[in-house]
There are 2 protein chains.
Amino acid sequence: MAANKRNRITELGLINCFSRAFKTSNPFIVKGIGDDAAVIRIGKGKHLLSTCDMLIEGRHFKKTDDLSGVGYKAMSSSLSDIAAMAGEPRFALLSLGIPARLKPKDIDRLLKGIKKAARMFSVDIIGGDTNASDKLTIDICMLGFVEPKKLVSRSGAKAGDYIFVTGKLGGSIYGRHLKFMPRVKEAKFLADNFRINSMIDISDGLALDLWRILKESNVGAVIFENLIPRHRDSRSLEESLNMGEDFELLFTIAEDAGEILLGKIRNKRISFPLSFIGKIIKDKPGIYLVNRKNKLSKIEPKGFLHF
Amino acid sequence: MAANKRNRITELGLINCFSRAFKTSNPFIVKGIGDDAAVIRIGKGKHLLSTCDMLIEGRHFKKTDDLSGVGYKAMSSSLSDIAAMAGEPRFALLSLGIPARLKPKDIDRLLKGIKKAARMFSVDIIGGDTNASDKLTIDICMLGFVEPKKLVSRSGAKAGDYIFVTGKLGGSIYGRHLKFMPRVKEAKFLADNFRINSMIDISDGLALDLWRILKESNVGAVIFENLIPRHRDSRSLEESLNMGEDFELLFTIAEDAGEILLGKIRNKRISFPLSFIGKIIKDKPGIYLVNRKNKLSKIEPKGFLHF
């Protein structure tokens, strides 16, 4: 694989490397590496969705975090990936690396959180693997289904699209990341009532995840600082743009549908927080931010990178 | 969860705890926790199989092992689980925890091994997750399909069944565990030509994995020391019974089918090593071993436990 100047691995380098290494022309694969979940043709009327999310102690949660919250987060991160494809989560496989320090009551706490998140969306845990490890490691593989005509990916954004985001952004890692609500129902509502052109869940920050849509769709975006819904936990614009772990939905829809959605928001016909934040433009992948002084500048999608 | 006397987690305790915690009556789940792979009803003519296998540096492979072998083993372990259900592996999701010490060329080695094993059975890697971690951690979730009438599980062994095992057992962890051939084709041949009553892949040792079949089927077994196919790498009967990582198939079939299979073995009509090792008996789950001096004794299924 290609390396950066210091011969170090980069996350983008890894994903590009994987996409190349595992290239395939299998006609059953509707979407492979590079979206929130893989999409497989399994028969008429439904596609299979599958996604994995690995959480590692010291990286995605602290050793001292309540294990119920950790289990809840592990399951909810995977649920959020299925939501981003407008799918319905159904089954989960649970791989665990368990440190020797954990007692049976700790496992009970962990399972309590996992079960809590699974039950919210009637997900059944059907299997997995357990191992001893130094650091608590939880990998959840989630399976779900989506109607082919409702499937949404990262690659469908078009110039002119309105950009929306659910919820409020920033400051999640101060505590909210262990108890967020995956936007499964909101995604279903949106896909049932609107034609969504592109969607992603914000796991690594608004800027970076927007940039992923732009890159897959080969378009640009203009967003407005004063429209970005900042969470009260967020200490700065920077945190709302780049902190990550928000697990909100970021999506784009055509102008006419966007106007209808804006009307519904104004008339309080949408039951969850939803904000218009900008527009997709005909440009190379890149984000222009209009700040509070109405100055436009190009921003770098920093966000949360794992390496 | 229940603990042992020292308030420590045990593998059996964990699995029992999970089975209870995640109990479900979902009619789409044909087999949930407790078999080599979960089985989901997805439509006429085929079931979906899914399984996860997590490998952790220092536990399942050494830090100094060739990473191509490590990647090969990670993929092959999951392939072996699909084989144990007589299924066809199709798609894999790859979750990685990558230590900072690894260089791009190391990742290339790892991917080389993963690809090698995937290609042998035309498995496509469709997604995954990458993270930084202290120890190299590889979790592979494998998806596959099986015709409902050919599905084999751990729970169908019946008194009178002949017990067979593929390959030779013991000593795998001296090196073979990084290059074994998952028995996907052999399992398909067997399921296509015989009615298999129960099957498992031997990952934790003949004795322990046989015991798992016995427990799920509520029967006992008599096996014969002189019939156990010992690998030349095996230093003792103990290693062939309990060492684990053989990834061979252990299965039982009814007497009449067993006789036909024995005839084929004698006439060299079976293209892979296959040995008759004993019989299923009407008894509580438990293993009786007849040693070389024709003395019968009950053995404890020690095998490889992860805790």
# chains A, B, ... in the order shown; residues from 1 in each chain; ligands from 1
>>> select_by_dssp(residues="region 17-143 of chain B", states="strand (DSSP E)", output="count of residues only")
47
>>> residues_around(residues="Phe180 (chain A)", least_positions_apart="3", cutoff="8 Å", atoms="only C-alpha atoms", output="ChimeraX atom specification")
/A:73,76,176-177,246-247
>>> calpha_fit_and_write(fixed="chain A", moving="chain B", output="compact mmCIF listing (two decimals) with C-alpha atoms, in the first residue's frame")
# COMPACT_ATOMS: atom_id res chain seq x y z
CA MET B 1 -0.02 -0.09 0.02
CA ALA B 2 1.00 3.50 -0.46
CA ALA B 3 2.40 5.20 2.64
CA ASN B 4 2.71 8.80 3.69
CA LYS B 5 6.08 10.55 3.87
CA ARG B 6 6.95 9.05 7.25
CA ASN B 7 6.20 5.53 5.96
CA ARG B 8 3.21 5.44 8.30
CA ILE B 9 -0.19 3.99 7.70
CA THR B 10 -3.01 6.48 7.09
CA GLU B 11 -6.69 5.67 7.33
CA LEU B 12 -7.39 6.91 3.83
CA GLY B 13 -4.41 4.94 2.57
CA LEU B 14 -5.81 1.82 4.19
CA ILE B 15 -9.28 2.20 2.75
CA ASN B 16 -7.91 2.92 -0.73
CA CYS B 17 -5.60 -0.05 -0.39
CA PHE B 18 -8.47 -2.33 0.68
CA SER B 19 -10.72 -1.10 -2.13
CA ARG B 20 -8.00 -1.97 -4.63
CA ALA B 21 -6.93 -5.24 -2.99
CA PHE B 22 -10.47 -6.55 -2.74
CA LYS B 23 -11.82 -5.29 -6.05
CA THR B 24 -14.54 -7.53 -7.44
CA SER B 25 -17.03 -7.74 -10.27
CA ASN B 26 -19.47 -9.99 -8.41
CA PRO B 27 -22.92 -8.92 -9.71
CA PHE B 28 -24.56 -9.76 -6.37
CA ILE B 29 -22.61 -6.97 -4.66
CA VAL B 30 -24.63 -3.75 -5.02
CA LYS B 31 -22.26 -1.77 -2.75
CA GLY B 32 -18.95 -3.09 -1.41
CA ILE B 33 -16.16 -1.42 0.53
CA GLY B 34 -16.53 2.35 0.99
CA ASP B 35 -20.06 2.90 2.26
CA ASP B 36 -21.62 2.66 5.72
CA ALA B 37 -22.75 -0.90 5.02
CA ALA B 38 -22.25 -3.41 2.24
CA VAL B 39 -25.30 -4.20 0.11
CA ILE B 40 -25.94 -7.68 -1.31
CA ARG B 41 -28.66 -8.76 -3.72
CA ILE B 42 -30.34 -11.78 -2.10
CA GLY B 43 -33.69 -11.96 -3.83
CA LYS B 44 -36.63 -9.95 -5.07
CA GLY B 45 -37.78 -7.08 -2.91
CA LYS B 46 -34.88 -6.90 -0.49
CA HIS B 47 -31.16 -6.38 -0.25
CA LEU B 48 -29.03 -7.67 2.60
CA LEU B 49 -27.05 -5.00 4.50
CA SER B 50 -23.97 -5.88 6.55
CA THR B 51 -21.54 -3.76 8.52
CA CYS B 52 -18.90 -4.19 11.25
CA ASP B 53 -17.81 -1.74 13.90
CA MET B 54 -14.91 -2.42 16.24
CA LEU B 55 -14.54 -0.58 19.56
CA ILE B 56 -11.28 -0.81 21.48
CA GLU B 57 -10.62 0.20 25.10
CA GLY B 58 -8.51 3.35 25.30
CA ARG B 59 -9.48 4.34 21.75
CA HIS B 60 -13.28 4.46 21.58
CA PHE B 61 -14.01 4.40 25.29
CA LYS B 62 -12.08 4.76 28.54
CA LYS B 63 -11.17 1.85 30.80
CA THR B 64 -13.17 3.60 33.52
CA ASP B 65 -16.35 4.12 31.46
CA ASP B 66 -19.48 2.36 32.64
CA LEU B 67 -19.57 -0.95 30.72
CA SER B 68 -23.28 -0.69 30.14
CA GLY B 69 -22.61 2.53 28.20
CA VAL B 70 -19.77 0.85 26.32
CA GLY B 71 -22.01 -2.07 25.28
CA TYR B 72 -24.76 0.35 24.30
CA LYS B 73 -22.34 2.36 22.16
CA ALA B 74 -20.94 -0.74 20.44
CA MET B 75 -24.37 -1.88 19.34
CA SER B 76 -25.60 1.63 18.53
CA SER B 77 -22.63 2.45 16.27
CA SER B 78 -23.50 -0.51 14.07
CA LEU B 79 -27.19 0.38 14.17
CA SER B 80 -26.24 3.85 13.00
CA ASP B 81 -24.44 2.40 9.97
CA ILE B 82 -27.58 0.50 8.95
CA ALA B 83 -29.63 3.69 9.49
CA ALA B 84 -27.29 5.54 7.10
CA MET B 85 -28.38 3.13 4.34
CA ALA B 86 -32.06 3.67 5.28
CA GLY B 87 -32.18 0.01 6.26
CA GLU B 88 -33.83 -2.04 8.98
CA PRO B 89 -31.36 -3.70 11.37
CA ARG B 90 -32.27 -7.29 12.26
CA PHE B 91 -29.42 -9.51 13.46
CA ALA B 92 -26.07 -8.98 15.17
CA LEU B 93 -22.93 -11.04 15.72
CA LEU B 94 -20.81 -10.12 18.70
CA SER B 95 -17.05 -10.70 18.88
CA LEU B 96 -15.48 -9.95 22.22
CA GLY B 97 -11.91 -9.71 23.48
CA ILE B 98 -12.21 -9.80 27.27
CA PRO B 99 -9.43 -8.77 29.69
CA ALA B 100 -8.76 -11.04 32.68
CA ARG B 101 -9.55 -8.19 35.09
CA LEU B 102 -13.25 -8.28 34.20
CA LYS B 103 -15.54 -10.07 36.62
CA PRO B 104 -18.82 -11.77 35.78
CA LYS B 105 -20.72 -8.71 37.02
CA ASP B 106 -18.78 -6.56 34.54
CA ILE B 107 -19.86 -8.85 31.72
CA ASP B 108 -23.42 -8.50 32.94
CA ARG B 109 -23.10 -4.69 32.71
CA LEU B 110 -21.67 -4.92 29.20
CA LEU B 111 -24.44 -7.26 28.05
CA LYS B 112 -27.05 -5.02 29.66
CA GLY B 113 -25.98 -2.12 27.43
CA ILE B 114 -25.77 -4.31 24.34
CA LYS B 115 -29.25 -5.70 24.99
CA LYS B 116 -30.72 -2.27 25.65
CA ALA B 117 -29.65 -0.97 22.25
CA ALA B 118 -30.59 -4.20 20.47
CA ARG B 119 -34.08 -4.25 21.98
CA MET B 120 -34.89 -0.70 20.89
CA PHE B 121 -34.93 -1.94 17.30
CA SER B 122 -35.82 -5.63 17.86
CA VAL B 123 -32.37 -6.79 16.83
CA ASP B 124 -31.51 -10.39 17.73
CA ILE B 125 -27.96 -11.39 18.65
CA ILE B 126 -27.43 -14.63 16.78
CA GLY B 127 -23.79 -15.50 17.34
CA GLY B 128 -20.26 -14.31 17.85
CA ASP B 129 -16.92 -15.19 19.32
CA THR B 130 -15.31 -14.73 22.74
CA ASN B 131 -11.61 -14.48 23.46
CA ALA B 132 -9.25 -13.37 26.17
CA SER B 133 -7.40 -10.12 25.38
CA ASP B 134 -5.44 -7.34 27.10
CA LYS B 135 -7.84 -4.56 26.15
CA LEU B 136 -11.61 -4.90 26.04
CA THR B 137 -12.45 -5.16 22.34
CA ILE B 138 -15.96 -5.34 20.94
CA ASP B 139 -16.68 -5.94 17.28
CA ILE B 140 -20.31 -6.00 16.27
CA CYS B 141 -21.37 -7.15 12.85
CA MET B 142 -24.90 -6.02 12.05
CA LEU B 143 -27.13 -7.52 9.39
CA GLY B 144 -30.26 -5.87 8.07
CA PHE B 145 -32.46 -5.46 5.07
CA VAL B 146 -33.50 -2.63 2.81
CA GLU B 147 -35.99 -2.34 -0.05
CA PRO B 148 -33.88 -1.80 -3.19
CA LYS B 149 -35.78 1.33 -4.17
CA LYS B 150 -35.21 2.92 -0.74
CA LEU B 151 -31.50 2.20 -0.53
CA VAL B 152 -29.40 5.33 -0.03
CA SER B 153 -25.64 5.51 -0.41
CA ARG B 154 -22.88 8.10 -0.18
CA SER B 155 -22.52 8.50 -3.89
CA GLY B 156 -25.77 10.08 -5.09
CA ALA B 157 -25.36 13.76 -4.13
CA LYS B 158 -26.08 16.14 -7.04
CA ALA B 159 -25.31 19.81 -7.60
CA GLY B 160 -28.25 21.81 -6.27
CA ASP B 161 -29.10 19.33 -3.50
CA TYR B 162 -30.06 20.70 -0.10
CA ILE B 163 -27.90 19.41 2.75
CA PHE B 164 -29.60 18.45 6.00
CA VAL B 165 -28.41 17.09 9.31
CA THR B 166 -30.36 15.54 12.19
CA GLY B 167 -29.78 16.48 15.84
CA LYS B 168 -27.11 18.77 17.24
CA LEU B 169 -23.39 18.41 16.68
CA GLY B 170 -20.23 18.55 18.77
CA GLY B 171 -19.02 17.62 22.23
CA SER B 172 -20.29 14.05 22.00
CA ILE B 173 -17.13 12.52 23.42
CA TYR B 174 -17.67 14.42 26.69
CA GLY B 175 -20.29 11.74 27.45
CA ARG B 176 -23.08 11.63 24.86
CA HIS B 177 -21.19 9.07 22.74
CA LEU B 178 -22.14 6.37 25.28
CA LYS B 179 -25.87 7.08 25.11
CA PHE B 180 -26.81 8.48 21.70
CA MET B 181 -29.91 7.30 19.90
CA PRO B 182 -29.11 5.72 16.53
CA ARG B 183 -31.28 7.41 13.90
CA VAL B 184 -32.86 4.23 12.53
CA LYS B 185 -36.45 5.48 12.73
CA GLU B 186 -35.59 8.92 11.39
CA ALA B 187 -33.80 7.39 8.40
CA LYS B 188 -36.78 5.18 7.67
CA PHE B 189 -39.17 8.14 7.92
CA LEU B 190 -37.01 10.15 5.54
CA ALA B 191 -36.60 7.32 3.01
CA ASP B 192 -40.32 6.51 3.18
CA ASN B 193 -41.33 10.10 2.48
CA PHE B 194 -38.57 11.64 0.40
CA ARG B 195 -36.16 10.68 -2.30
CA ILE B 196 -32.81 10.91 -0.48
CA ASN B 197 -29.94 11.38 -2.92
CA SER B 198 -27.11 10.60 -0.50
CA MET B 199 -26.71 9.85 3.19
CA ILE B 200 -24.04 9.01 5.78
CA ASP B 201 -23.94 8.83 9.56
CA ILE B 202 -21.61 11.36 11.17
CA SER B 203 -19.15 9.24 13.09
CA ASP B 204 -15.93 11.15 12.37
CA GLY B 205 -17.21 14.74 12.30
CA LEU B 206 -19.52 16.75 10.04
CA ALA B 207 -16.70 18.05 7.84
CA LEU B 208 -15.00 14.71 7.24
CA ASP B 209 -18.22 12.76 6.68
CA LEU B 210 -19.61 15.47 4.37
CA TRP B 211 -16.33 15.27 2.50
CA ARG B 212 -16.87 11.50 2.11
CA ILE B 213 -20.22 12.13 0.43
CA LEU B 214 -18.62 14.78 -1.81
CA LYS B 215 -15.80 12.49 -2.79
CA GLU B 216 -18.08 9.54 -3.62
CA SER B 217 -20.44 11.83 -5.53
CA ASN B 218 -17.75 14.02 -7.14
CA VAL B 219 -19.34 17.32 -6.12
CA GLY B 220 -18.59 20.17 -3.72
CA ALA B 221 -20.55 21.85 -0.92
CA VAL B 222 -21.21 25.23 0.61
CA ILE B 223 -22.30 25.19 4.26
CA PHE B 224 -23.20 28.05 6.55
CA GLU B 225 -21.71 28.43 10.02
CA ASN B 226 -24.86 30.00 11.45
CA LEU B 227 -26.98 27.08 10.24
CA ILE B 228 -24.85 24.34 11.81
CA PRO B 229 -26.81 23.00 14.79
CA ARG B 230 -24.33 23.21 17.65
CA HIS B 231 -24.96 20.97 20.64
CA ARG B 232 -24.82 22.64 24.07
CA ASP B 233 -21.95 20.25 24.90
CA SER B 234 -19.95 21.73 22.01
CA ARG B 235 -17.31 24.20 23.11
CA SER B 236 -16.54 25.64 19.67
CA LEU B 237 -17.45 25.58 16.00
CA GLU B 238 -14.38 23.41 15.61
CA GLU B 239 -15.93 20.73 17.85
CA SER B 240 -19.22 20.80 15.94
CA LEU B 241 -17.38 20.46 12.65
CA ASN B 242 -14.68 17.99 13.50
CA MET B 243 -15.07 16.21 16.82
CA GLY B 244 -16.96 13.15 15.64
CA GLU B 245 -19.04 10.52 17.45
CA ASP B 246 -22.24 12.48 16.82
CA PHE B 247 -23.93 9.55 15.03
CA GLU B 248 -26.39 11.92 13.41
CA LEU B 249 -27.59 11.58 9.82
CA LEU B 250 -26.18 13.84 7.13
CA PHE B 251 -28.08 13.69 3.86
CA THR B 252 -28.82 15.54 0.64
CA ILE B 253 -32.04 15.78 -1.34
CA ALA B 254 -33.06 17.56 -4.54
CA GLU B 255 -34.17 21.23 -4.33
CA ASP B 256 -37.93 20.66 -4.72
CA ALA B 257 -37.97 17.93 -2.07
CA GLY B 258 -35.71 20.11 0.06
CA GLU B 259 -38.24 22.94 -0.07
CA ILE B 260 -41.03 20.58 1.00
CA LEU B 261 -38.89 19.31 3.90
CA LEU B 262 -38.03 22.90 4.93
CA GLY B 263 -41.75 23.69 4.95
CA LYS B 264 -42.44 20.72 7.19
CA ILE B 265 -39.66 21.77 9.57
CA ARG B 266 -41.10 25.32 9.77
CA ASN B 267 -44.59 23.95 10.42
CA LYS B 268 -43.23 21.61 13.11
CA ARG B 269 -44.36 18.55 11.15
CA ILE B 270 -41.04 16.78 11.70
CA SER B 271 -40.84 15.09 15.09
CA PHE B 272 -37.05 15.16 15.43
CA PRO B 273 -34.43 17.92 15.24
CA LEU B 274 -33.49 18.52 11.62
CA SER B 275 -31.47 21.39 10.15
CA PHE B 276 -30.76 22.69 6.68
CA ILE B 277 -27.05 23.54 6.60
CA GLY B 278 -26.11 24.24 2.98
CA LYS B 279 -26.08 23.22 -0.67
CA ILE B 280 -24.26 20.84 -2.96
CA ILE B 281 -22.39 22.63 -5.74
CA LYS B 282 -20.86 21.67 -9.04
CA ASP B 283 -17.20 21.54 -8.06
CA LYS B 284 -14.39 19.21 -7.14
CA PRO B 285 -14.90 17.50 -3.76
CA GLY B 286 -14.31 20.23 -1.19
CA ILE B 287 -16.15 22.18 1.47
CA TYR B 288 -16.69 25.95 1.48
CA LEU B 289 -17.80 27.45 4.78
CA VAL B 290 -19.60 30.81 4.96
CA ASN B 291 -18.81 32.18 8.42
CA ARG B 292 -20.90 34.49 10.61
CA LYS B 293 -19.32 37.52 8.94
CA ASN B 294 -20.42 36.12 5.54
CA LYS B 295 -16.86 35.41 4.52
CA LEU B 296 -16.41 32.31 2.40
CA SER B 297 -13.37 30.06 2.82
CA LYS B 298 -12.44 26.51 1.93
CA ILE B 299 -12.05 24.24 4.98
CA GLU B 300 -10.02 21.10 5.45
CA PRO B 301 -12.02 18.06 6.52
CA LYS B 302 -9.96 17.24 9.58
CA GLY B 303 -12.37 15.18 11.64
CA PHE B 304 -11.52 12.08 13.56
CA LEU B 305 -9.04 9.83 11.84
CA HIS B 306 -8.17 6.52 13.45
CA PHE B 307 -4.44 6.70 12.66
